[in-house]
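Data block for run-v5.cif (mmCIF, C-alpha atoms and all ligand atoms):
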```cif
data_coords
#
loop_
_atom_site.group_PDB
_atom_site.id
_atom_site.type_symbol
_atom_site.label_atom_id
_atom_site.label_comp_id
_atom_site.auth_asym_id
_atom_site.auth_seq_id
_atom_site.Cartn_x
_atom_site.Cartn_y
_atom_site.Cartn_z
ATOM 1 C CA MET A 1 4.196 0.209 -24.215
ATOM 2 C CA THR A 2 3.743 2.075 -20.918
ATOM 3 C CA ARG A 3 5.414 1.102 -17.653
ATOM 4 C CA SER A 4 5.001 2.087 -13.975
ATOM 5 C CA ALA A 5 7.222 1.853 -10.943
ATOM 6 C CA PHE A 6 5.953 2.140 -7.377
ATOM 7 C CA VAL A 7 8.815 3.402 -5.247
ATOM 8 C CA SER A 8 8.781 3.659 -1.481
ATOM 9 C CA ILE A 9 11.062 6.178 0.279
ATOM 10 C CA VAL A 10 11.997 5.071 3.787
ATOM 11 C CA GLY A 11 14.542 5.889 6.473
ATOM 12 C CA ARG A 12 15.099 7.465 9.855
ATOM 13 C CA PRO A 13 13.557 10.840 10.692
ATOM 14 C CA ASN A 14 15.252 13.922 9.218
ATOM 15 C CA VAL A 15 17.468 12.146 6.651
ATOM 16 C CA GLY A 16 15.868 14.091 3.782
ATOM 17 C CA LYS A 17 13.173 11.753 2.425
ATOM 18 C CA SER A 18 10.651 14.512 1.744
ATOM 19 C CA THR A 19 13.314 16.773 0.242
ATOM 20 C CA LEU A 20 14.106 13.882 -2.098
ATOM 21 C CA LEU A 21 10.434 13.363 -2.979
ATOM 22 C CA ASN A 22 10.145 17.039 -3.910
ATOM 23 C CA ALA A 23 13.350 16.876 -5.969
ATOM 24 C CA LEU A 24 12.136 13.763 -7.798
ATOM 25 C CA VAL A 25 8.763 15.204 -8.813
ATOM 26 C CA GLY A 26 9.909 18.823 -9.103
ATOM 27 C CA GLU A 27 7.092 20.183 -6.916
ATOM 28 C CA HIS A 28 6.708 21.051 -3.229
ATOM 29 C CA VAL A 29 4.374 18.140 -2.438
ATOM 30 C CA ALA A 30 5.806 17.232 0.962
ATOM 31 C CA ILE A 31 6.708 19.672 3.700
ATOM 32 C CA VAL A 32 10.309 19.799 4.882
ATOM 33 C CA SER A 33 11.806 21.056 8.133
ATOM 34 C CA PRO A 34 14.990 20.779 10.177
ATOM 35 C CA LYS A 35 12.984 18.984 12.902
ATOM 36 C CA PRO A 36 12.661 15.195 12.985
ATOM 37 C CA GLN A 37 9.211 13.671 12.457
ATOM 38 C CA THR A 38 7.982 16.308 10.077
ATOM 39 C CA THR A 39 6.104 13.871 7.836
ATOM 40 C CA ARG A 40 3.178 12.184 9.585
ATOM 41 C CA THR A 41 1.544 10.170 6.856
ATOM 42 C CA ARG A 42 2.223 8.591 3.479
ATOM 43 C CA ILE A 43 2.604 11.158 0.705
ATOM 44 C CA THR A 44 2.392 10.259 -2.951
ATOM 45 C CA GLY A 45 4.442 12.052 -5.564
ATOM 46 C CA ILE A 46 4.011 11.242 -9.245
ATOM 47 C CA LEU A 47 6.397 11.749 -12.162
ATOM 48 C CA THR A 48 5.573 10.776 -15.724
ATOM 49 C CA ARG A 49 8.325 10.748 -18.338
ATOM 50 C CA GLY A 50 7.306 9.388 -21.688
ATOM 51 C CA GLU A 51 6.455 5.711 -21.285
ATOM 52 C CA ASP A 52 7.495 5.587 -17.642
ATOM 53 C CA GLN A 53 5.404 6.675 -14.682
ATOM 54 C CA PHE A 54 6.999 6.740 -11.227
ATOM 55 C CA VAL A 55 4.747 6.713 -8.185
ATOM 56 C CA PHE A 56 6.789 7.661 -5.119
ATOM 57 C CA ILE A 57 5.568 7.061 -1.595
ATOM 58 C CA ASP A 58 7.263 9.278 0.976
ATOM 59 C CA THR A 59 6.853 7.911 4.497
ATOM 60 C CA PRO A 60 7.273 9.249 8.054
ATOM 61 C CA GLY A 61 10.692 8.757 9.617
ATOM 62 C CA MET A 62 10.832 5.296 11.224
ATOM 63 C CA HIS A 63 11.207 5.501 15.009
ATOM 64 C CA THR A 64 10.078 3.860 18.238
ATOM 65 C CA PRO A 65 6.691 5.446 18.917
ATOM 66 C CA ARG A 66 5.897 7.130 22.216
ATOM 67 C CA THR A 67 2.403 8.360 21.386
ATOM 68 C CA LYS A 68 -0.645 7.083 19.519
ATOM 69 C CA LEU A 69 0.245 9.516 16.735
ATOM 70 C CA GLY A 70 3.691 7.866 16.633
ATOM 71 C CA GLU A 71 2.033 4.457 16.325
ATOM 72 C CA TYR A 72 -0.056 5.795 13.451
ATOM 73 C CA MET A 73 3.125 7.085 11.760
ATOM 74 C CA VAL A 74 4.906 3.743 12.091
ATOM 75 C CA TYR A 75 1.833 2.028 10.652
ATOM 76 C CA GLN A 76 2.066 4.411 7.695
ATOM 77 C CA VAL A 77 5.708 3.463 7.132
ATOM 78 C CA ASN A 78 4.847 -0.237 7.072
ATOM 79 C CA GLU A 79 1.920 0.327 4.720
ATOM 80 C CA GLY A 80 4.114 2.503 2.510
ATOM 81 C CA MET A 81 6.609 -0.345 2.130
ATOM 82 C CA ALA A 82 4.027 -2.929 1.049
ATOM 83 C CA ASP A 83 3.411 -3.746 -2.611
ATOM 84 C CA VAL A 84 6.067 -1.547 -4.165
ATOM 85 C CA ASP A 85 8.462 -2.439 -6.982
ATOM 86 C CA VAL A 86 11.515 -0.980 -5.280
ATOM 87 C CA ALA A 87 12.437 0.923 -2.108
ATOM 88 C CA LEU A 88 14.916 3.707 -1.416
ATOM 89 C CA LEU A 89 16.602 3.535 1.982
ATOM 90 C CA VAL A 90 17.695 7.124 2.584
ATOM 91 C CA THR A 91 20.434 7.571 5.153
ATOM 92 C CA GLU A 92 22.898 10.096 6.534
ATOM 93 C CA PRO A 93 26.196 9.758 4.635
ATOM 94 C CA THR A 94 28.282 9.074 7.746
ATOM 95 C CA GLY A 95 27.866 7.645 11.239
ATOM 96 C CA GLU A 96 26.623 4.328 12.568
ATOM 97 C CA ILE A 97 23.877 2.199 11.061
ATOM 98 C CA HIS A 98 20.852 2.676 13.308
ATOM 99 C CA PRO A 99 18.828 -0.356 14.550
ATOM 100 C CA VAL A 100 15.752 1.208 12.933
ATOM 101 C CA GLU A 101 17.528 0.985 9.554
ATOM 102 C CA THR A 102 18.351 -2.669 10.151
ATOM 103 C CA ALA A 103 14.685 -3.293 11.012
ATOM 104 C CA LEU A 104 13.541 -1.534 7.823
ATOM 105 C CA LEU A 105 15.881 -3.719 5.766
ATOM 106 C CA GLU A 106 14.562 -6.866 7.449
ATOM 107 C CA ARG A 107 11.044 -5.855 6.559
ATOM 108 C CA LEU A 108 11.947 -5.093 2.939
ATOM 109 C CA HIS A 109 13.745 -8.429 2.724
ATOM 110 C CA GLN A 110 10.612 -10.221 3.951
ATOM 111 C CA ASN A 111 8.590 -8.351 1.325
ATOM 112 C CA LYS A 112 11.196 -9.390 -1.307
ATOM 113 C CA THR A 113 11.533 -5.730 -2.325
ATOM 114 C CA PRO A 114 14.746 -4.661 -4.058
ATOM 115 C CA VAL A 115 16.418 -1.811 -2.180
ATOM 116 C CA LEU A 116 18.589 1.063 -3.368
ATOM 117 C CA LEU A 117 20.792 2.559 -0.689
ATOM 118 C CA VAL A 118 20.691 6.355 -0.915
ATOM 119 C CA PRO A 119 23.221 8.236 1.212
ATOM 120 C CA ASN A 120 21.911 11.797 1.175
ATOM 121 C CA LYS A 121 23.383 15.200 2.102
ATOM 122 C CA ILE A 122 26.687 14.476 0.329
ATOM 123 C CA ASP A 123 27.033 18.246 -0.073
ATOM 124 C CA THR A 124 27.879 18.344 3.634
ATOM 125 C CA LEU A 125 30.965 16.169 3.113
ATOM 126 C CA PRO A 126 34.250 17.839 2.152
ATOM 127 C CA GLN A 127 35.321 14.502 0.605
ATOM 128 C CA LYS A 128 33.124 11.732 -0.713
ATOM 129 C CA GLU A 129 35.510 9.123 0.758
ATOM 130 C CA GLN A 130 34.120 10.053 4.163
ATOM 131 C CA MET A 131 30.995 8.041 3.480
ATOM 132 C CA MET A 132 32.851 4.869 2.422
ATOM 133 C CA GLU A 133 33.045 3.414 5.924
ATOM 134 C CA LYS A 134 29.304 3.549 6.434
ATOM 135 C CA MET A 135 28.576 2.279 2.925
ATOM 136 C CA ALA A 136 30.908 -0.690 3.503
ATOM 137 C CA ALA A 137 29.090 -1.482 6.745
ATOM 138 C CA PHE A 138 25.756 -1.356 4.916
ATOM 139 C CA ALA A 139 27.091 -3.568 2.099
ATOM 140 C CA ALA A 140 28.162 -6.162 4.665
ATOM 141 C CA LEU A 141 24.666 -6.135 6.112
ATOM 142 C CA TYR A 142 22.494 -6.264 3.010
ATOM 143 C CA GLU A 143 22.551 -6.941 -0.702
ATOM 144 C CA PHE A 144 21.488 -3.627 -2.206
ATOM 145 C CA ALA A 145 20.475 -3.382 -5.855
ATOM 146 C CA HIS A 146 22.524 -0.174 -6.128
ATOM 147 C CA VAL A 147 24.088 2.569 -4.055
ATOM 148 C CA VAL A 148 23.297 6.081 -5.293
ATOM 149 C CA PRO A 149 24.810 8.954 -3.275
ATOM 150 C CA ILE A 150 22.810 12.174 -3.632
ATOM 151 C CA SER A 151 22.217 15.656 -2.394
ATOM 152 C CA ALA A 152 18.431 15.958 -2.448
ATOM 153 C CA PHE A 153 18.830 19.582 -1.432
ATOM 154 C CA LYS A 154 21.023 20.474 -4.416
ATOM 155 C CA GLY A 155 19.545 17.903 -6.786
ATOM 156 C CA ASP A 156 22.884 16.121 -7.282
ATOM 157 C CA GLY A 157 22.471 12.451 -8.202
ATOM 158 C CA VAL A 158 18.696 12.690 -8.562
ATOM 159 C CA GLU A 159 18.833 12.120 -12.333
ATOM 160 C CA ILE A 160 21.071 9.064 -11.830
ATOM 161 C CA LEU A 161 18.613 7.756 -9.262
ATOM 162 C CA LEU A 162 15.724 8.111 -11.722
ATOM 163 C CA ARG A 163 17.696 6.243 -14.358
ATOM 164 C CA GLU A 164 18.371 3.366 -11.943
ATOM 165 C CA LEU A 165 14.719 3.321 -10.873
ATOM 166 C CA ALA A 166 13.485 3.036 -14.473
ATOM 167 C CA ALA A 167 14.894 -0.512 -14.514
ATOM 168 C CA PHE A 168 12.284 -1.512 -11.914
ATOM 169 C CA ALA A 169 9.267 -0.231 -13.851
ATOM 170 C CA GLN A 170 6.732 -2.897 -14.779
ATOM 171 C CA PRO A 171 4.848 -3.010 -18.094
ATOM 172 C CA GLY A 172 1.244 -1.928 -17.665
ATOM 173 C CA PRO A 173 -1.059 1.068 -17.703
ATOM 174 C CA HIS A 174 -0.255 4.406 -16.063
ATOM 175 C CA TYR A 175 -2.318 4.880 -12.926
ATOM 176 C CA PHE A 176 -2.370 8.686 -13.020
ATOM 177 C CA ASP A 177 -2.712 11.433 -15.635
ATOM 178 C CA ALA A 178 0.581 12.501 -17.176
ATOM 179 C CA ASP A 179 0.435 15.943 -15.491
ATOM 180 C CA ALA A 180 -0.551 14.683 -12.000
ATOM 181 C CA TYR A 181 2.100 15.142 -9.346
ATOM 182 C CA THR A 182 0.362 14.142 -6.118
ATOM 183 C CA GLU A 183 -2.733 12.427 -4.768
ATOM 184 C CA GLN A 184 -3.074 14.778 -1.823
ATOM 185 C CA PRO A 185 -6.205 16.949 -1.792
ATOM 186 C CA GLU A 186 -5.681 20.738 -2.013
ATOM 187 C CA ARG A 187 -6.934 21.234 1.548
ATOM 188 C CA VAL A 188 -4.359 18.820 2.930
ATOM 189 C CA ILE A 189 -1.503 20.567 1.140
ATOM 190 C CA VAL A 190 -2.739 23.945 2.406
ATOM 191 C CA ALA A 191 -2.874 22.663 6.014
ATOM 192 C CA GLU A 192 0.580 21.127 5.647
ATOM 193 C CA LEU A 193 2.051 24.401 4.377
ATOM 194 C CA VAL A 194 0.813 26.107 7.557
ATOM 195 C CA ARG A 195 2.293 23.301 9.660
ATOM 196 C CA GLU A 196 5.614 23.659 7.820
ATOM 197 C CA LYS A 197 5.844 27.297 8.890
ATOM 198 C CA LEU A 198 4.967 26.341 12.469
ATOM 199 C CA LEU A 199 7.751 23.732 12.445
ATOM 200 C CA ILE A 200 10.198 26.312 11.182
ATOM 201 C CA ASN A 201 9.203 29.064 13.641
ATOM 202 C CA LEU A 202 8.608 27.107 16.850
ATOM 203 C CA ARG A 203 11.049 25.363 19.106
ATOM 204 C CA GLU A 204 11.490 22.053 20.895
ATOM 205 C CA GLU A 205 8.402 19.969 21.608
ATOM 206 C CA ILE A 206 5.781 22.528 20.585
ATOM 207 C CA PRO A 207 5.652 21.918 16.815
ATOM 208 C CA HIS A 208 5.395 18.166 17.375
ATOM 209 C CA GLY A 209 2.187 18.749 19.302
ATOM 210 C CA VAL A 210 0.615 20.834 16.554
ATOM 211 C CA ALA A 211 -2.044 19.771 14.067
ATOM 212 C CA VAL A 212 -3.568 21.960 11.372
ATOM 213 C CA VAL A 213 -7.044 21.698 9.889
ATOM 214 C CA VAL A 214 -8.575 23.777 7.082
ATOM 215 C CA GLU A 215 -12.044 24.773 8.286
ATOM 216 C CA GLN A 216 -13.083 26.793 5.265
ATOM 217 C CA MET A 217 -11.740 27.388 1.786
ATOM 218 C CA LYS A 218 -14.019 29.506 -0.349
ATOM 219 C CA GLU A 219 -13.546 31.560 -3.482
ATOM 220 C CA ARG A 220 -15.189 34.997 -3.396
ATOM 221 C CA GLU A 221 -17.951 35.550 -5.898
ATOM 222 C CA ASN A 222 -16.798 38.837 -7.343
ATOM 223 C CA SER A 223 -13.026 38.725 -7.008
ATOM 224 C CA PRO A 224 -10.308 36.115 -7.489
ATOM 225 C CA ILE A 225 -9.574 35.760 -3.766
ATOM 226 C CA ILE A 226 -9.829 32.616 -1.676
ATOM 227 C CA ASP A 227 -10.890 33.038 1.945
ATOM 228 C CA LEU A 228 -9.171 30.452 4.091
ATOM 229 C CA ILE A 229 -9.913 29.688 7.731
ATOM 230 C CA VAL A 230 -7.427 27.394 9.421
ATOM 231 C CA THR A 231 -7.371 25.996 12.953
ATOM 232 C CA ILE A 232 -4.071 25.209 14.615
ATOM 233 C CA TYR A 233 -4.515 22.675 17.412
ATOM 234 C CA CYS A 234 -1.962 22.433 20.185
ATOM 235 C CA GLU A 235 -1.659 20.425 23.382
ATOM 236 C CA LYS A 236 -1.481 22.998 26.182
ATOM 237 C CA ASP A 237 -2.604 26.522 27.064
ATOM 238 C CA THR A 238 1.037 27.526 27.484
ATOM 239 C CA HIS A 239 1.743 26.272 23.949
ATOM 240 C CA LYS A 240 -1.147 28.335 22.621
ATOM 241 C CA GLY A 241 0.441 31.437 24.112
ATOM 242 C CA ILE A 242 3.802 30.630 22.544
ATOM 243 C CA ILE A 243 2.276 29.929 19.120
ATOM 244 C CA ILE A 244 0.469 33.264 19.177
ATOM 245 C CA GLY A 245 3.507 35.076 20.591
ATOM 246 C CA ALA A 246 3.843 38.508 22.153
ATOM 247 C CA LYS A 247 1.277 40.815 20.526
ATOM 248 C CA GLY A 248 0.456 37.990 18.120
ATOM 249 C CA GLU A 249 3.862 38.290 16.483
ATOM 250 C CA THR A 250 4.664 34.606 15.982
ATOM 251 C CA LEU A 251 1.280 33.697 14.547
ATOM 252 C CA LYS A 252 1.464 36.697 12.262
ATOM 253 C CA LYS A 253 4.863 35.624 10.945
ATOM 254 C CA VAL A 254 3.627 32.061 10.375
ATOM 255 C CA GLY A 255 0.565 33.438 8.585
ATOM 256 C CA VAL A 256 2.583 35.675 6.267
ATOM 257 C CA GLN A 257 5.008 32.876 5.335
ATOM 258 C CA ALA A 258 2.213 30.332 4.861
ATOM 259 C CA ARG A 259 0.079 32.694 2.786
ATOM 260 C CA ARG A 260 2.948 33.343 0.394
ATOM 261 C CA ASP A 261 3.383 29.606 -0.253
ATOM 262 C CA ILE A 262 -0.346 28.909 -0.422
ATOM 263 C CA GLU A 263 -0.820 31.680 -2.983
ATOM 264 C CA GLY A 264 1.968 30.147 -5.062
ATOM 265 C CA PHE A 265 0.365 26.738 -4.796
ATOM 266 C CA LEU A 266 -3.223 27.826 -5.520
ATOM 267 C CA GLN A 267 -2.109 30.451 -8.066
ATOM 268 C CA THR A 268 -4.443 33.073 -6.627
ATOM 269 C CA LYS A 269 -4.671 35.645 -3.856
ATOM 270 C CA VAL A 270 -5.498 34.277 -0.440
ATOM 271 C CA ASN A 271 -6.973 35.807 2.702
ATOM 272 C CA LEU A 272 -5.710 33.547 5.499
ATOM 273 C CA GLN A 273 -7.117 33.514 9.018
ATOM 274 C CA CYS A 274 -5.461 31.260 11.610
ATOM 275 C CA TRP A 275 -7.094 30.335 14.917
ATOM 276 C CA VAL A 276 -5.309 28.490 17.717
ATOM 277 C CA LYS A 277 -7.165 25.971 19.877
ATOM 278 C CA VAL A 278 -6.103 23.599 22.639
ATOM 279 C CA ARG A 279 -6.903 19.881 22.433
ATOM 280 C CA LYS A 280 -5.253 18.430 25.515
ATOM 281 C CA ASP A 281 -2.998 15.451 24.815
ATOM 282 C CA TRP A 282 -4.528 14.930 21.340
ATOM 283 C CA ARG A 283 -1.572 12.848 20.206
ATOM 284 C CA ASN A 284 -2.722 10.115 22.590
ATOM 285 C CA ARG A 285 -6.462 10.283 22.021
ATOM 286 C CA GLU A 286 -7.846 7.923 19.446
ATOM 287 C CA GLY A 287 -11.031 9.947 18.841
ATOM 288 C CA THR A 288 -9.274 13.293 18.444
ATOM 289 C CA LEU A 289 -6.651 11.763 16.155
ATOM 290 C CA ARG A 290 -9.399 10.506 13.869
ATOM 291 C CA GLU A 291 -11.147 13.870 14.015
ATOM 292 C CA LEU A 292 -7.904 15.583 12.973
ATOM 293 C CA GLY A 293 -7.538 13.328 9.956
ATOM 294 C CA PHE A 294 -5.233 10.572 11.239
ATOM 295 C CA ARG A 295 -7.448 7.660 10.260
HETATM 296 N N1 LIG B 301 22.693 19.844 3.486
HETATM 297 C C1 LIG B 301 21.635 19.119 3.118
HETATM 298 N N2 LIG B 301 20.519 19.150 3.856
HETATM 299 C C2 LIG B 301 19.486 18.411 3.437
HETATM 300 C C3 LIG B 301 19.535 17.597 2.278
HETATM 301 N N3 LIG B 301 18.346 16.973 2.148
HETATM 302 C C4 LIG B 301 17.582 17.383 3.182
HETATM 303 N N4 LIG B 301 18.251 18.242 3.960
HETATM 304 C C5 LIG B 301 17.765 18.927 5.175
HETATM 305 O O1 LIG B 301 17.467 17.949 6.153
HETATM 306 C C6 LIG B 301 16.348 18.368 6.936
HETATM 307 C C7 LIG B 301 15.291 17.293 6.940
HETATM 308 O O2 LIG B 301 14.733 17.161 5.649
HETATM 309 P P1 LIG B 301 13.358 16.418 5.389
HETATM 310 O O3 LIG B 301 13.221 16.248 3.920
HETATM 311 O O4 LIG B 301 12.248 17.081 6.123
HETATM 312 O O5 LIG B 301 13.668 15.004 6.070
HETATM 313 P P2 LIG B 301 12.708 13.742 6.245
HETATM 314 O O6 LIG B 301 13.559 12.540 6.145
HETATM 315 O O7 LIG B 301 11.549 13.837 5.323
HETATM 316 O O8 LIG B 301 12.230 13.947 7.743
HETATM 317 P P3 LIG B 301 10.935 13.310 8.500
HETATM 318 O O9 LIG B 301 9.736 13.633 7.683
HETATM 319 O O10 LIG B 301 10.948 14.010 9.796
HETATM 320 O O11 LIG B 301 11.193 11.853 8.617
HETATM 321 C C8 LIG B 301 15.864 19.686 6.341
HETATM 322 O O12 LIG B 301 16.420 20.735 7.086
HETATM 323 C C9 LIG B 301 16.446 19.641 4.932
HETATM 324 O O13 LIG B 301 16.670 20.930 4.382
HETATM 325 C C10 LIG B 301 20.741 17.609 1.509
HETATM 326 O O14 LIG B 301 20.900 16.955 0.481
HETATM 327 N N5 LIG B 301 21.762 18.379 1.984
HETATM 328 MG MG MG B 302 9.543 13.913 5.690
#
```
Encoding of this model in structure tokens:
Amino acid sequence: MTRSAFVSIVGRPNVGKSTLLNALVGEHVAIVSPKPQTTRTRITGILTRGEDQFVFIDTPGMHTPRTKLGEYMVYQVNEGMADVDVALLVTEPTGEIHPVETALLERLHQNKTPVLLVPNKIDTLPQKEQMMEKMAAFAALYEFAHVVPISAFKGDGVEILLRELAAFAQPGPHYFDADAYTEQPERVIVAELVREKLLINLREEIPHGVAVVVEQMKERENSPIIDLIVTIYCEKDTHKGIIIGAKGETLKKVGVQARRDIEGFLQTKVNLQCWVKVRKDWRNREGTLRELGFR
């Protein structure tokens, strides 16, 4: 008798949702960075364990949008919360409850979705008691199915979370092969790995205005090398200069870091060429957004 659970992962930007997705499926399916609004679309991660198949849906950090891209991201969060068996509300372990979190809970309540509260980053707390105040405030606000404190980064509590989630699995067929771990096409993962390195190496607003597209991905006929051509779009000429860096240093560093990860992912040698182009104000242009894959 097989069972499946569709699990949505929601929360504010930067709370560690994608880190959790990766820890749950044991693969680097979603990019992670110290900057908020790293994830821009829904990302599926799949884990099959015996009879149970978990289908996780990582979502962009919920926020008040200021661009058309932001509106697209919020739409993705709402879609990612629909028709799931259970949701994980990931939150910082301390501090105030944010209005965005209250709004997410209202939405999940309307959808009649059970919610597990997941305070993350507990490794940053010298004492676990420090999170009690916030957890009590959450408990007063909403009837959670469970509270499971974790460190997605260290993997602490992830096994407990999986055990709790198994209770929400519904009898029925598995939707994916037992060895599948994501629905994302190879090209998308490759582009995202380049964007991850841009997020890590660039500062302030610049990485938020970056989009990455794989133009060409071709295996050579006589040797096991993949030639990859990638375009990095940015919003301004000045940003292009910063992305490339003095004597091309920054772009080179991004390329080296990205290539290493892409080779690990594709399990083959890669020749990576990155080009930088300007698409003025693309985050607010419907047509360009579609062209860049935000449909
Ligand atoms: N110390 C610590 N840091 C963590 C933990 N989980 C995530 N982080 C860090 O928090 C930052 C944000 O992580 P992400 O997984 O990208 O967060 P996110 O919620 O997916 O962010 P958005 O996609 O922007 O909404 C990264 O620097 C992570 O390394 C954790 O358990 N402990
Ligand atoms: Mg994310």
Report task. Determine the residue membership of the PyMOL selection byres (((not hetatm)) within 10 of (chain B and resi 301)) for the file above and supply it as a PyMOL selection string. Result -> chain A and resi 9-23+30-42+58-63+73+90-93+119-125+149-157+196+200
Which residues of region 138-196 of chain A come within 12 Å of region 268-286 of chain A, and what is each one's closest atom pair and distance in Å (one decimal), counting all atoms listed in the file, sorted by chain and residue number, as JSON lines?
```
{"residue": "A:Val190", "atom": "CA", "partner": "A:Leu272", "partner_atom": "CA", "distance": 10.5}
{"residue": "A:Ala191", "atom": "CA", "partner": "A:Cys274", "partner_atom": "CA", "distance": 10.6}
{"residue": "A:Val194", "atom": "CA", "partner": "A:Cys274", "partner_atom": "CA", "distance": 9.1}
{"residue": "A:Arg195", "atom": "CA", "partner": "A:Cys274", "partner_atom": "CA", "distance": 11.3}
```
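Shortest separation to ligand MG 302 (chain B) among A:Ile43, A:Met132, A:Ala145, A:Ala103 occurs at residue A:Ile43, atoms counted being all atoms listed in the file.
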**Report entry** Residue contacts of Leu104 (chain A) (12 Å, all atoms listed in the file) excluding same-chain residues fewer than 4 positions away, as JSON, numbers by chain
**Finding:** {"A": [8, 9, 10, 11, 12, 61, 62, 63, 74, 77, 78, 80, 81, 82, 87, 88, 89, 90, 91, 97, 98, 99, 100, 108, 109, 110, 111, 113, 115, 117, 142]}
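Closest approach to Val188 (chain A) among A:Pro114, A:Gly255, A:Gly241, A:Gly293: A:Gly293, based on only C-alpha atoms.
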Report task. Please evaluate the PyMOL selection byres (((chain A and resi 243) around 12) and not hetatm) against the displayed coordinates and give the resulting residues as a PyMOL selection string. Result -> chain A and resi 195+197-203+205-207+209-210+232-242+244-255+274-278
Report task. For a cut-off of 9 Å around (12.8, 4.3, -11.9), file coordinates, pick out all residues using only C-alpha atoms and list them as a list in words. Result -> Ser4, Ala5, Phe6, Val7, Asp52, Gln53, Phe54, Val86, Leu161, Leu162, Arg163, Glu164, Leu165, Ala166, Ala167, Phe168 and Ala169 of chain A
Supply region 108-123 of chain A as a JSON list (two decimals), keeping the file's coordinate frame, with N, CA and C atoms built in where the input has gaps.
```
[["chain", "number", "residue", "atom", "x", "y", "z"],
["A", 108, "LEU", "N", 11.90, -5.13, 4.41],
["A", 108, "LEU", "CA", 11.95, -5.09, 2.94],
["A", 108, "LEU", "C", 12.39, -6.44, 2.38],
["A", 109, "HIS", "N", 13.29, -7.10, 3.12],
["A", 109, "HIS", "CA", 13.74, -8.43, 2.72],
["A", 109, "HIS", "C", 12.58, -9.42, 2.76],
["A", 110, "GLN", "N", 11.81, -9.35, 3.83],
["A", 110, "GLN", "CA", 10.61, -10.22, 3.95],
["A", 110, "GLN", "C", 9.66, -9.97, 2.79],
["A", 111, "ASN", "N", 9.50, -8.70, 2.42],
["A", 111, "ASN", "CA", 8.59, -8.35, 1.32],
["A", 111, "ASN", "C", 9.19, -8.67, -0.05],
["A", 112, "LYS", "N", 10.46, -9.11, -0.05],
["A", 112, "LYS", "CA", 11.20, -9.39, -1.31],
["A", 112, "LYS", "C", 11.27, -8.15, -2.19],
["A", 113, "THR", "N", 11.44, -7.00, -1.58],
["A", 113, "THR", "CA", 11.53, -5.73, -2.33],
["A", 113, "THR", "C", 13.00, -5.38, -2.57],
["A", 114, "PRO", "N", 13.38, -5.14, -3.82],
["A", 114, "PRO", "CA", 14.75, -4.66, -4.06],
["A", 114, "PRO", "C", 14.95, -3.29, -3.41],
["A", 115, "VAL", "N", 16.16, -3.07, -2.90],
["A", 115, "VAL", "CA", 16.42, -1.81, -2.18],
["A", 115, "VAL", "C", 17.62, -1.08, -2.78],
["A", 116, "LEU", "N", 17.45, 0.21, -3.00],
["A", 116, "LEU", "CA", 18.59, 1.06, -3.37],
["A", 116, "LEU", "C", 19.01, 1.83, -2.12],
["A", 117, "LEU", "N", 20.29, 1.79, -1.83],
["A", 117, "LEU", "CA", 20.79, 2.56, -0.69],
["A", 117, "LEU", "C", 21.11, 3.97, -1.17],
["A", 118, "VAL", "N", 20.54, 4.97, -0.47],
["A", 118, "VAL", "CA", 20.69, 6.36, -0.92],
["A", 118, "VAL", "C", 21.29, 7.22, 0.20],
["A", 119, "PRO", "N", 22.62, 7.29, 0.27],
["A", 119, "PRO", "CA", 23.22, 8.24, 1.21],
["A", 119, "PRO", "C", 22.95, 9.66, 0.72],
["A", 120, "ASN", "N", 22.30, 10.43, 1.57],
["A", 120, "ASN", "CA", 21.91, 11.80, 1.18],
["A", 120, "ASN", "C", 22.82, 12.82, 1.86],
["A", 121, "LYS", "N", 22.65, 14.07, 1.51],
["A", 121, "LYS", "CA", 23.38, 15.20, 2.10],
["A", 121, "LYS", "C", 24.88, 15.12, 1.81],
["A", 122, "ILE", "N", 25.26, 14.59, 0.64],
["A", 122, "ILE", "CA", 26.69, 14.48, 0.33],
["A", 122, "ILE", "C", 27.33, 15.86, 0.16],
["A", 123, "ASP", "N", 26.48, 16.88, 0.00],
["A", 123, "ASP", "CA", 27.03, 18.25, -0.07],
["A", 123, "ASP", "C", 27.64, 18.68, 1.25]]
```
